[in-house]
>>> print(open('upload-v3.cif').read())   # mmCIF, C-alpha atoms
data_coords
#
loop_
_atom_site.label_atom_id
_atom_site.label_comp_id
_atom_site.auth_asym_id
_atom_site.auth_seq_id
_atom_site.Cartn_x
_atom_site.Cartn_y
_atom_site.Cartn_z
CA MET N 248 58.64 12.93 -1.53
CA LYS N 249 59.22 16.49 -0.40
CA ALA N 250 56.87 16.23 2.61
CA LEU N 251 58.90 13.30 3.96
CA GLU N 252 62.22 15.10 3.51
CA ASP N 253 60.80 18.09 5.37
CA LYS N 254 59.54 15.85 8.16
CA ILE N 255 62.96 14.17 8.52
CA LEU N 256 64.69 17.56 8.67
CA SER N 257 62.30 18.98 11.24
CA GLU N 258 61.81 15.93 13.50
CA GLY N 259 64.72 13.54 12.83
CA THR N 260 67.95 13.36 14.82
CA VAL N 261 71.23 11.62 14.04
CA LEU N 262 72.50 9.25 16.74
CA PRO N 263 76.06 7.84 17.06
CA GLY N 264 76.73 4.84 14.83
CA GLY N 265 74.88 6.05 11.77
CA ILE N 266 71.39 5.74 13.23
CA LEU N 267 68.75 8.19 11.96
CA LYS N 268 66.11 8.53 14.65
CA VAL N 269 62.65 9.32 13.33
CA GLY N 270 60.78 7.87 16.29
CA SER N 271 58.34 10.75 16.48
CA PHE N 272 56.49 9.78 13.30
CA LEU N 273 57.81 6.52 11.80
CA ASN N 274 58.80 4.06 14.54
CA GLN N 275 57.97 4.49 18.19
CA GLN N 276 55.26 7.02 17.56
CA LEU N 277 53.36 6.86 14.28
CA ASP N 278 52.03 10.01 12.65
CA VAL N 279 49.32 7.92 11.04
CA GLN N 280 47.74 10.70 8.98
CA PHE N 281 51.14 11.50 7.48
CA LEU N 282 51.98 7.82 6.92
CA ARG N 283 48.67 7.50 5.06
CA GLU N 284 50.14 9.95 2.51
CA VAL N 285 53.35 7.88 2.38
CA GLY N 286 51.24 4.77 1.71
CA GLU N 287 49.35 6.55 -1.06
CA GLU N 288 52.58 7.65 -2.71
CA ILE N 289 53.89 4.08 -2.64
CA ALA N 290 50.61 2.86 -4.15
CA ARG N 291 50.84 5.52 -6.87
CA LEU N 292 54.34 4.33 -7.86
CA PHE N 293 53.26 0.68 -8.18
CA ARG N 294 49.63 1.14 -9.26
CA SER N 295 50.15 -0.44 -12.69
CA ASP N 296 52.21 -3.42 -11.54
CA ASN N 297 49.34 -5.74 -10.58
CA VAL N 298 50.64 -6.21 -7.04
CA THR N 299 48.74 -9.01 -5.24
CA LYS N 300 50.36 -8.62 -1.79
CA VAL N 301 52.53 -6.22 0.15
CA MET N 302 55.24 -7.89 2.25
CA THR N 303 57.14 -6.45 5.19
CA LEU N 304 59.35 -7.63 8.05
CA GLU N 305 58.01 -7.06 11.56
CA ALA N 306 57.84 -4.78 13.41
CA SER N 307 58.68 -1.25 12.31
CA GLY N 308 57.57 -1.66 8.70
CA ILE N 309 54.06 -2.87 9.58
CA ALA N 310 52.35 0.52 9.73
CA ILE N 311 53.61 1.71 6.33
CA ALA N 312 52.99 -1.70 4.76
CA THR N 313 49.43 -1.68 6.13
CA LEU N 314 48.74 1.77 4.71
CA ALA N 315 50.38 1.01 1.33
CA ALA N 316 48.29 -2.18 1.13
CA LEU N 317 45.18 -0.18 2.02
CA SER N 318 45.84 2.21 -0.86
CA LEU N 319 46.63 -0.63 -3.28
CA GLY N 320 43.59 -2.66 -2.20
CA VAL N 321 45.59 -5.81 -1.42
CA PRO N 322 46.49 -7.78 1.76
CA ALA N 323 49.80 -7.43 3.60
CA VAL N 324 51.99 -10.36 4.63
CA ILE N 325 54.14 -10.00 7.74
CA VAL N 326 57.45 -11.83 7.85
CA LYS N 327 58.18 -12.87 11.42
CA LYS N 328 61.54 -12.47 13.11
CA HIS N 329 62.90 -15.17 15.41
CA ALA N 330 61.07 -18.07 13.78
CA SER N 331 61.29 -21.51 15.36
CA SER N 332 63.50 -23.77 13.29
CA ASN N 333 61.07 -26.68 13.72
CA GLN N 334 58.59 -24.87 11.46
CA SER N 335 60.91 -25.28 8.48
CA LYS N 336 58.58 -27.52 6.47
CA GLU N 337 55.73 -25.05 6.63
CA VAL N 338 57.63 -21.80 6.13
CA TYR N 339 59.94 -20.01 3.75
CA SER N 340 62.84 -18.66 5.79
CA ALA N 341 66.06 -16.66 5.53
CA GLU N 342 68.93 -15.57 7.77
CA ILE N 343 68.96 -11.78 8.18
CA ALA N 344 71.69 -9.63 9.73
CA SER N 345 70.39 -6.53 11.52
CA PHE N 346 72.35 -3.30 11.15
CA THR N 347 70.48 -1.60 14.02
CA HIS N 348 70.74 -4.45 16.51
CA GLN N 349 74.05 -5.97 15.37
CA ASN N 350 72.79 -9.53 15.35
CA THR N 351 71.54 -12.22 12.96
CA TYR N 352 68.18 -13.96 13.15
CA THR N 353 66.00 -16.37 11.18
CA ALA N 354 62.97 -14.69 9.61
CA ALA N 355 60.11 -16.67 8.16
CA VAL N 356 56.72 -16.51 6.50
CA ALA N 357 54.15 -19.31 6.43
CA LYS N 358 53.92 -21.02 3.05
CA GLU N 359 50.14 -20.67 3.08
CA TYR N 360 50.45 -16.88 2.67
CA LEU N 361 52.95 -16.81 -0.21
CA HIS N 362 52.11 -18.47 -3.51
CA ALA N 363 53.77 -18.88 -6.90
CA THR N 364 51.03 -16.74 -8.44
CA ASP N 365 51.72 -13.79 -6.10
CA ARG N 366 53.20 -10.52 -7.33
CA ILE N 367 54.88 -9.08 -4.23
CA LEU N 368 55.77 -5.50 -3.36
CA ILE N 369 58.21 -5.32 -0.42
CA VAL N 370 57.57 -2.27 1.80
CA ASP N 371 59.79 -1.20 4.69
CA ASP N 372 60.56 1.89 6.74
CA PHE N 373 64.36 1.87 6.22
CA LEU N 374 66.81 0.62 3.63
CA ALA N 375 70.45 0.61 4.78
CA CYS N 376 72.53 -2.43 3.81
CA GLY N 377 69.52 -4.15 2.27
CA ASN N 378 69.75 -7.31 4.38
CA ALA N 379 66.06 -7.45 5.27
CA ILE N 380 65.06 -6.99 1.63
CA ARG N 381 67.58 -9.59 0.52
CA GLY N 382 66.06 -12.06 2.99
CA MET N 383 62.54 -11.40 1.77
CA LYS N 384 63.74 -11.64 -1.84
CA LYS N 385 65.03 -15.16 -1.09
CA MET N 386 61.69 -16.23 0.44
CA ILE N 387 59.78 -14.87 -2.57
CA SER N 388 62.15 -16.68 -4.91
CA ASP N 389 61.81 -19.93 -2.90
CA ALA N 390 58.03 -19.66 -3.29
CA GLY N 391 58.32 -19.14 -7.04
CA ALA N 392 56.46 -15.84 -6.64
CA THR N 393 57.28 -12.62 -8.51
CA LEU N 394 59.02 -9.72 -6.77
CA VAL N 395 57.61 -6.61 -8.43
CA GLY N 396 59.81 -4.18 -6.53
CA CYS N 397 60.58 -2.59 -3.25
CA ALA N 398 59.36 0.68 -1.69
CA VAL N 399 60.97 2.17 1.39
CA ALA N 400 60.30 5.38 3.25
CA ILE N 401 63.95 6.26 3.92
CA GLU N 402 67.01 4.96 2.07
CA LYS N 403 70.41 5.59 3.65
CA LYS N 404 72.10 5.71 0.27
CA PHE N 405 75.62 6.00 1.71
CA GLN N 406 75.28 2.46 3.11
CA GLY N 407 75.00 1.09 -0.41
CA GLY N 408 72.27 -1.53 -0.06
CA GLY N 409 69.81 0.19 -2.38
CA ASP N 410 72.29 0.57 -5.22
CA GLU N 411 73.43 -3.04 -4.87
CA LEU N 412 69.84 -4.23 -5.20
CA ARG N 413 69.27 -1.94 -8.20
CA ALA N 414 72.43 -3.34 -9.82
CA GLU N 415 70.87 -6.78 -9.48
CA GLY N 416 67.87 -5.56 -11.45
CA LEU N 417 65.42 -4.93 -8.61
CA ARG N 418 63.22 -1.84 -8.81
CA VAL N 419 63.81 0.09 -5.58
CA GLU N 420 61.79 3.23 -4.87
CA SER N 421 62.82 5.38 -1.90
CA LEU N 422 60.58 8.23 -0.83
CA ALA N 423 63.51 10.00 0.81
CA MET N 424 67.13 9.21 -0.06
CA VAL N 425 69.73 10.32 2.48
CA GLU N 426 73.00 11.08 0.67
CA SER N 427 75.05 11.91 3.75
CA MET N 428 74.47 12.31 7.44
CA THR N 429 76.52 13.85 10.23
CA ASP N 430 75.63 15.14 13.68
CA ASP N 431 74.75 18.56 12.34
CA SER N 432 73.82 18.08 8.71
CA LEU N 433 71.77 15.76 6.57
CA THR N 434 71.56 15.97 2.79
CA PHE N 435 69.19 14.28 0.38
CA THR N 436 69.77 13.11 -3.16
CA HIS N 437 67.08 12.80 -5.82
CA ALA N 438 66.98 9.86 -8.20
CA MET S 280 30.89 -6.83 15.33
CA LYS S 281 29.04 -9.41 13.29
CA ALA S 282 31.45 -9.22 10.34
CA LEU S 283 34.39 -10.09 12.62
CA GLU S 284 32.54 -13.06 14.17
CA ASP S 285 31.75 -14.35 10.68
CA LYS S 286 35.38 -13.93 9.63
CA ILE S 287 36.62 -15.86 12.71
CA LEU S 288 34.15 -18.67 12.02
CA SER S 289 35.07 -18.95 8.35
CA GLU S 290 38.87 -18.44 8.54
CA GLY S 291 39.93 -19.16 12.14
CA THR S 292 41.21 -22.46 13.46
CA VAL S 293 41.71 -23.65 17.04
CA LEU S 294 45.19 -24.96 17.86
CA PRO S 295 46.18 -27.09 20.89
CA GLY S 296 46.78 -25.06 24.06
CA GLY S 297 43.90 -22.64 23.66
CA ILE S 298 45.38 -20.74 20.69
CA LEU S 299 42.93 -19.24 18.20
CA LYS S 300 44.70 -18.90 14.88
CA VAL S 301 43.46 -16.07 12.71
CA GLY S 302 46.66 -15.65 10.73
CA SER S 303 44.88 -15.26 7.42
CA PHE S 304 43.51 -11.80 8.24
CA LEU S 305 44.75 -10.50 11.62
CA ASN S 306 48.36 -11.60 12.25
CA GLN S 307 50.62 -13.13 9.66
CA GLN S 308 48.53 -11.96 6.76
CA LEU S 309 46.52 -8.77 7.16
CA ASP S 310 43.21 -8.32 5.37
CA VAL S 311 43.78 -4.59 5.41
CA GLN S 312 40.46 -3.57 3.87
CA PHE S 313 38.63 -5.58 6.52
CA LEU S 314 40.86 -4.26 9.33
CA ARG S 315 40.02 -0.75 8.13
CA GLU S 316 36.39 -1.53 9.10
CA VAL S 317 37.59 -2.86 12.47
CA GLY S 318 39.51 0.39 13.01
CA GLU S 319 36.44 2.45 12.12
CA GLU S 320 34.30 0.49 14.57
CA ILE S 321 36.85 1.10 17.35
CA ALA S 322 36.91 4.81 16.48
CA ARG S 323 33.09 4.93 16.57
CA LEU S 324 33.04 3.44 20.08
CA PHE S 325 35.53 5.99 21.45
CA ARG S 326 34.69 8.98 19.24
CA SER S 327 33.43 11.15 22.12
CA ASP S 328 36.25 10.36 24.57
CA ASN S 329 38.78 12.94 23.36
CA VAL S 330 41.48 10.32 22.75
CA THR S 331 44.86 11.97 22.04
CA LYS S 332 46.82 8.79 21.26
CA VAL S 333 46.29 5.13 20.52
CA MET S 334 48.75 2.77 22.23
CA THR S 335 49.63 -0.79 21.32
CA LEU S 336 52.30 -3.38 22.06
CA GLU S 337 54.39 -4.56 19.09
CA ALA S 338 54.02 -6.42 16.87
CA SER S 339 50.66 -7.99 16.10
CA GLY S 340 48.55 -5.06 17.34
CA ILE S 341 50.26 -2.48 15.13
CA ALA S 342 48.03 -2.82 12.07
CA ILE S 343 44.74 -2.44 13.98
CA ALA S 344 46.18 0.34 16.14
CA THR S 345 47.34 2.17 13.01
CA LEU S 346 43.91 1.91 11.41
CA ALA S 347 42.03 2.88 14.59
CA ALA S 348 44.33 5.90 14.96
CA LEU S 349 43.71 6.78 11.31
CA SER S 350 39.96 6.79 11.91
CA LEU S 351 40.29 8.76 15.16
CA GLY S 352 42.70 11.27 13.61
CA VAL S 353 45.38 10.80 16.29
CA PRO S 354 48.93 9.33 16.41
CA ALA S 355 49.71 5.80 17.59
CA VAL S 356 52.41 4.95 20.14
CA ILE S 357 54.14 1.58 19.89
CA VAL S 358 55.31 -0.05 23.11
CA LYS S 359 58.48 -2.04 22.42
CA LYS S 360 59.11 -5.54 23.67
CA HIS S 361 62.56 -6.56 24.90
CA ALA S 362 63.65 -3.10 26.00
CA SER S 363 67.19 -2.58 27.20
CA SER S 364 67.23 -2.11 30.96
CA ASN S 365 69.80 0.69 30.64
CA GLN S 366 67.14 2.91 29.08
CA SER S 367 65.23 3.04 32.37
CA LYS S 368 65.65 6.77 32.92
CA GLU S 369 64.15 7.64 29.56
CA VAL S 370 61.32 5.11 29.39
CA TYR S 371 58.24 3.93 31.20
CA SER S 372 58.47 0.15 31.46
CA ALA S 373 56.63 -2.91 32.75
CA GLU S 374 57.17 -6.64 33.02
CA ILE S 375 54.72 -8.56 30.83
CA ALA S 376 54.05 -12.31 30.82
CA SER S 377 53.13 -13.69 27.40
CA PHE S 378 50.40 -16.33 27.21
CA THR S 379 51.28 -17.28 23.61
CA HIS S 380 55.04 -17.55 24.08
CA GLN S 381 55.12 -18.66 27.74
CA ASN S 382 57.78 -16.17 28.77
CA THR S 383 58.15 -12.79 30.49
CA TYR S 384 59.76 -9.69 29.02
CA THR S 385 60.30 -6.01 29.76
CA ALA S 386 58.21 -3.74 27.55
CA ALA S 387 58.85 -0.01 27.37
CA VAL S 388 57.82 3.24 25.76
CA ALA S 389 59.98 6.37 25.51
CA LYS S 390 58.89 9.09 27.92
CA GLU S 391 58.91 11.65 25.12
CA TYR S 392 55.88 9.98 23.52
CA LEU S 393 53.68 9.68 26.62
CA HIS S 394 52.66 12.78 28.57
CA ALA S 395 50.51 13.57 31.59
CA THR S 396 48.08 15.42 29.32
CA ASP S 397 47.52 12.38 27.08
CA ARG S 398 44.21 10.53 26.95
CA ILE S 399 45.19 7.03 25.81
CA LEU S 400 43.14 4.34 24.09
CA ILE S 401 44.87 0.94 24.21
CA VAL S 402 44.24 -1.14 21.07
CA ASP S 403 45.30 -4.74 20.58
CA ASP S 404 44.43 -7.76 18.49
CA PHE S 405 43.82 -10.22 21.35
CA LEU S 406 42.79 -10.05 24.98
CA ALA S 407 43.34 -13.29 26.93
CA CYS S 408 44.72 -12.94 30.46
CA GLY S 409 45.10 -9.19 30.06
CA ASN S 410 48.82 -9.09 30.86
CA ALA S 411 49.80 -6.82 27.96
CA ILE S 412 47.02 -4.36 28.81
CA ARG S 413 47.97 -4.46 32.49
CA GLY S 414 51.56 -3.58 31.56
CA MET S 415 50.49 -0.67 29.36
CA LYS S 416 48.09 0.48 32.09
CA LYS S 417 51.05 0.70 34.49
CA MET S 418 53.11 2.78 32.01
CA ILE S 419 50.18 5.15 31.44
CA SER S 420 49.72 5.50 35.19
CA ASP S 421 53.47 6.09 35.70
CA ALA S 422 53.27 8.92 33.15
CA GLY S 423 50.30 10.48 34.92
CA ALA S 424 48.31 10.14 31.68
CA THR S 425 44.64 9.14 31.45
CA LEU S 426 43.63 5.68 30.24
CA VAL S 427 40.33 6.21 28.44
CA GLY S 428 39.73 2.54 27.73
CA CYS S 429 40.78 -0.46 25.78
CA ALA S 430 39.59 -1.87 22.45
CA VAL S 431 40.51 -5.33 21.24
CA ALA S 432 39.52 -7.26 18.16
CA ILE S 433 39.10 -10.62 19.87
CA GLU S 434 38.57 -11.28 23.57
CA LYS S 435 38.96 -14.84 24.81
CA LYS S 436 36.41 -14.33 27.56
CA PHE S 437 36.95 -17.74 29.12
CA GLN S 438 40.51 -16.71 30.10
CA GLY S 439 39.09 -14.02 32.36
CA GLY S 440 41.43 -11.09 31.71
CA GLY S 441 38.77 -8.82 30.25
CA ASP S 442 36.35 -9.27 33.15
CA GLU S 443 39.14 -8.68 35.68
CA LEU S 444 40.01 -5.39 33.99
CA ARG S 445 36.32 -4.39 33.87
CA ALA S 446 36.00 -5.20 37.58
CA GLU S 447 38.84 -2.73 38.18
CA GLY S 448 36.80 -0.05 36.41
CA LEU S 449 38.47 -0.08 33.00
CA ARG S 450 36.24 0.26 29.96
CA VAL S 451 37.04 -2.74 27.73
CA GLU S 452 35.39 -3.05 24.32
CA SER S 453 35.81 -6.32 22.44
CA LEU S 454 34.64 -6.54 18.84
CA ALA S 455 34.30 -10.31 19.11
CA MET S 456 34.02 -12.11 22.44
CA VAL S 457 34.78 -15.84 22.39
CA GLU S 458 32.78 -17.57 25.13
CA SER S 459 34.17 -21.05 24.59
CA MET S 460 36.43 -22.78 22.16
CA THR S 461 37.11 -26.44 21.37
CA ASP S 462 38.62 -28.21 18.37
CA ASP S 463 35.28 -28.38 16.61
CA SER S 464 33.18 -25.54 18.02
CA LEU S 465 33.53 -21.89 18.88
CA THR S 466 30.79 -19.80 20.49
CA PHE S 467 30.52 -16.06 20.95
CA THR S 468 28.88 -14.09 23.71
CA HIS S 469 27.45 -10.59 23.35
CA ALA S 470 27.97 -7.98 26.05
#
>>> encode(input="upload-v3.cif", output="structure tokens")
Amino acid sequence: MKALEDKILSEGTVLPGGILKVGSFLNQQLDVQFLREVGEEIARLFRSDNVTKVMTLEASGIAIATLAALSLGVPAVIVKKHASSNQSKEVYSAEIASFTHQNTYTAAVAKEYLHATDRILIVDDFLACGNAIRGMKKMISDAGATLVGCAVAIEKKFQGGGDELRAEGLRVESLAMVESMTDDSLTFTHA
Amino acid sequence: MKALEDKILSEGTVLPGGILKVGSFLNQQLDVQFLREVGEEIARLFRSDNVTKVMTLEASGIAIATLAALSLGVPAVIVKKHASSNQSKEVYSAEIASFTHQNTYTAAVAKEYLHATDRILIVDDFLACGNAIRGMKKMISDAGATLVGCAVAIEKKFQGGGDELRAEGLRVESLAMVESMTDDSLTFTHA
């Protein structure tokens, strides 16, 4: 998505440790009108896949997931971080390692919002190592639901998670794919 | 908002400890098409107030804030929970006590996304004691920005936070105002 690449180049900054900061439109501040276009592009890519629900992991993916769900005409399901372990009978859960925060946490979704008949599209803002997606994939599998695919705004391709998931047969669509990133340059690759 | 009251009556449940569970459409699962109407109603109420940004506290207010901002044609700013204290020079922060989770945390927003010229509308899913709104009000004041008002989906009026904020001169608009709540009944009041 050319408009997203342009936005990353004009507003993004690279921080030490391989962090791409796009807080002005995607995380801390949301350029909602622009993200509406991102949501419509995601919906366009998965329009014919009979998606019944969009799923995302709180918190930074919620805005895009909401807008993709709006365009697809389906609900969104929010996977919660830091679930209580005593909920285990009523939730599907997974351990997820965070690249940004360098920790591991238990994420969970209530069983009542994920059914075997669901066809799930995972939506997130970033794809780096793919840990969040892998965790959601496990929950969807535990529920016996179908994972239709995964749509992310920005894939950091050099971290390998996207290609690993593709090698496992998952359809992964990235609206901007960062090939390499240094303090003073950032290059995109096109699928 | 009659449609929201109907939705609460048909899908909400009351949990022990004064918790109103509306996970099927407002929190864990988002009925995005319905929340789009909620966002439009919020925008209608504040259409003539020259709002420059919508502000919310992560995570459960993000969807409504995104959709209200979409209808108002402005960006949304997300206040982060659990901020690092070493960011204090670059953020506006406040201590917030959580009614739901029975703890206190430091919330913060980066200074670059909140300016003295901003006219802020706070949007959230719930208003109980008003602690989250009070914290955001402090950050907005610290930035020298203008707080135009506050719009919440559901106010638990019996917890008093909304009326306290109104008594301080803040405009608070609640789309559904719960007057009282027990295991088997829930009544609304109309302003």
>>> residues_around(input="upload-v3.cif", residues="Gly441 in chain S", least_positions_apart="3", cutoff="8 Å", atoms="all atoms listed in the file", output="list in words")
Leu406, Ala407, Cys408, Gly409, Glu434, Lys436, Leu444, Arg445 and Val451 of chain S
>>> closest_residue(input="upload-v3.cif", among="N:Met428, N:Leu422, N:Glu411, N:Arg366", to="Lys249 in chain N", atoms="only C-alpha atoms")
N:Leu422
>>> residues_near_point(input="upload-v3.cif", point="(49.3, 0.5, 26.2)", cutoff="12 Å", atoms="all atoms listed in the file", output="ChimeraX atom specification")
/S:332-337,340-341,344,355-360,371-373,375,386-388,392-393,398-403,409-422,424-431
>>> residues_around(input="upload-v3.cif", residues="range 261-275 of chain N", least_positions_apart="5", cutoff="10 Å", atoms="all atoms listed in the file", output="ChimeraX atom specification")
/N:254-256,280-282,306-311,346-347,372-373,375,400-401,403,406,425,427-433 /S:337,354-359,388-389,391-392
>>> atom_distance(input="upload-v3.cif", atom1="CA of Asp397 in chain S", atom2="CA of Arg315 in chain S")
24.2 Å
>>> atom_distance(input="upload-v3.cif", atom1="CA of Thr364 in chain N", atom2="CA of Glu287 in chain N")
24.5 Å
>>> residues_around(input="upload-v3.cif", residues="Ser350 in chain S", least_positions_apart="3", cutoff="8 Å", atoms="only C-alpha atoms", output="list of chain:residue names")
S:Gly318, S:Glu319, S:Ala322, S:Leu346, S:Ala347
>>> closest_residue(input="upload-v3.cif", among="S:Val330, S:Met456, S:Leu283, S:Leu349", to="chain N", atoms="all atoms listed in the file")
S:Leu349
>>> atom_distance(input="upload-v3.cif", atom1="CA of Ala316 in chain N", atom2="CA of Val311 in chain S")
6.7 Å
>>> closest_residue(input="upload-v3.cif", among="N:His329, N:Ser421, N:Glu252, N:Val338", to="Tyr352 in chain N", atoms="all atoms listed in the file")
N:His329
>>> closest_residue(input="upload-v3.cif", among="N:Glu342, N:Asp278, N:Glu258, N:Asp253", to="chain S", atoms="all atoms listed in the file")
N:Asp278
>>> decode(input="upload-v3.cif", residues="range 427-435 of chain S", atoms="all heavy atoms", output="compact mmCIF listing (two decimals), in the first residue's frame")
# COMPACT_ATOMS: atom_id res chain seq x y z
N VAL S 427 -12.67 20.06 26.25
CA VAL S 427 -13.99 20.47 25.76
C VAL S 427 -15.10 19.74 26.52
O VAL S 427 -16.17 20.29 26.80
CB VAL S 427 -14.08 20.17 24.24
CG1 VAL S 427 -15.51 20.22 23.76
CG2 VAL S 427 -13.19 21.13 23.47
N GLY S 428 -14.84 18.47 26.83
CA GLY S 428 -15.85 17.68 27.52
C GLY S 428 -15.48 16.22 27.47
O GLY S 428 -14.38 15.85 27.06
N CYS S 429 -16.43 15.42 27.86
CA CYS S 429 -16.18 14.01 28.04
C CYS S 429 -17.42 13.24 27.57
O CYS S 429 -18.54 13.60 27.93
CB CYS S 429 -15.92 13.79 29.52
SG CYS S 429 -15.72 12.11 29.97
N ALA S 430 -17.21 12.21 26.77
CA ALA S 430 -18.32 11.38 26.29
C ALA S 430 -18.03 9.93 26.64
O ALA S 430 -16.97 9.41 26.30
CB ALA S 430 -18.50 11.54 24.79
N VAL S 431 -18.97 9.29 27.33
CA VAL S 431 -18.79 7.88 27.66
C VAL S 431 -20.00 7.09 27.18
O VAL S 431 -21.11 7.63 27.07
CB VAL S 431 -18.60 7.65 29.17
CG1 VAL S 431 -17.38 8.39 29.68
CG2 VAL S 431 -19.84 8.05 29.96
N ALA S 432 -19.76 5.83 26.88
CA ALA S 432 -20.87 4.98 26.46
C ALA S 432 -21.79 4.74 27.65
O ALA S 432 -22.98 5.02 27.58
CB ALA S 432 -20.34 3.67 25.90
N ILE S 433 -21.23 4.24 28.75
CA ILE S 433 -22.05 3.85 29.89
C ILE S 433 -21.56 4.52 31.16
O ILE S 433 -20.41 4.34 31.56
CB ILE S 433 -22.02 2.31 30.08
CG1 ILE S 433 -22.48 1.59 28.80
CG2 ILE S 433 -22.90 1.90 31.27
CD1 ILE S 433 -22.35 0.08 28.84
N GLU S 434 -22.42 5.29 31.78
CA GLU S 434 -22.10 5.88 33.10
C GLU S 434 -22.81 5.09 34.18
O GLU S 434 -24.03 4.87 34.11
CB GLU S 434 -22.55 7.34 33.15
CG GLU S 434 -22.34 7.98 34.53
CD GLU S 434 -22.74 9.45 34.58
OE1 GLU S 434 -22.93 10.05 33.49
OE2 GLU S 434 -22.85 10.00 35.69
N LYS S 435 -22.06 4.65 35.19
CA LYS S 435 -22.68 4.02 36.35
C LYS S 435 -22.92 5.15 37.36
O LYS S 435 -22.08 5.45 38.20
CB LYS S 435 -21.79 2.91 36.90
CG LYS S 435 -21.66 1.75 35.89
CD LYS S 435 -21.17 0.46 36.53
CE LYS S 435 -19.68 0.49 36.72
NZ LYS S 435 -19.15 -0.79 37.23
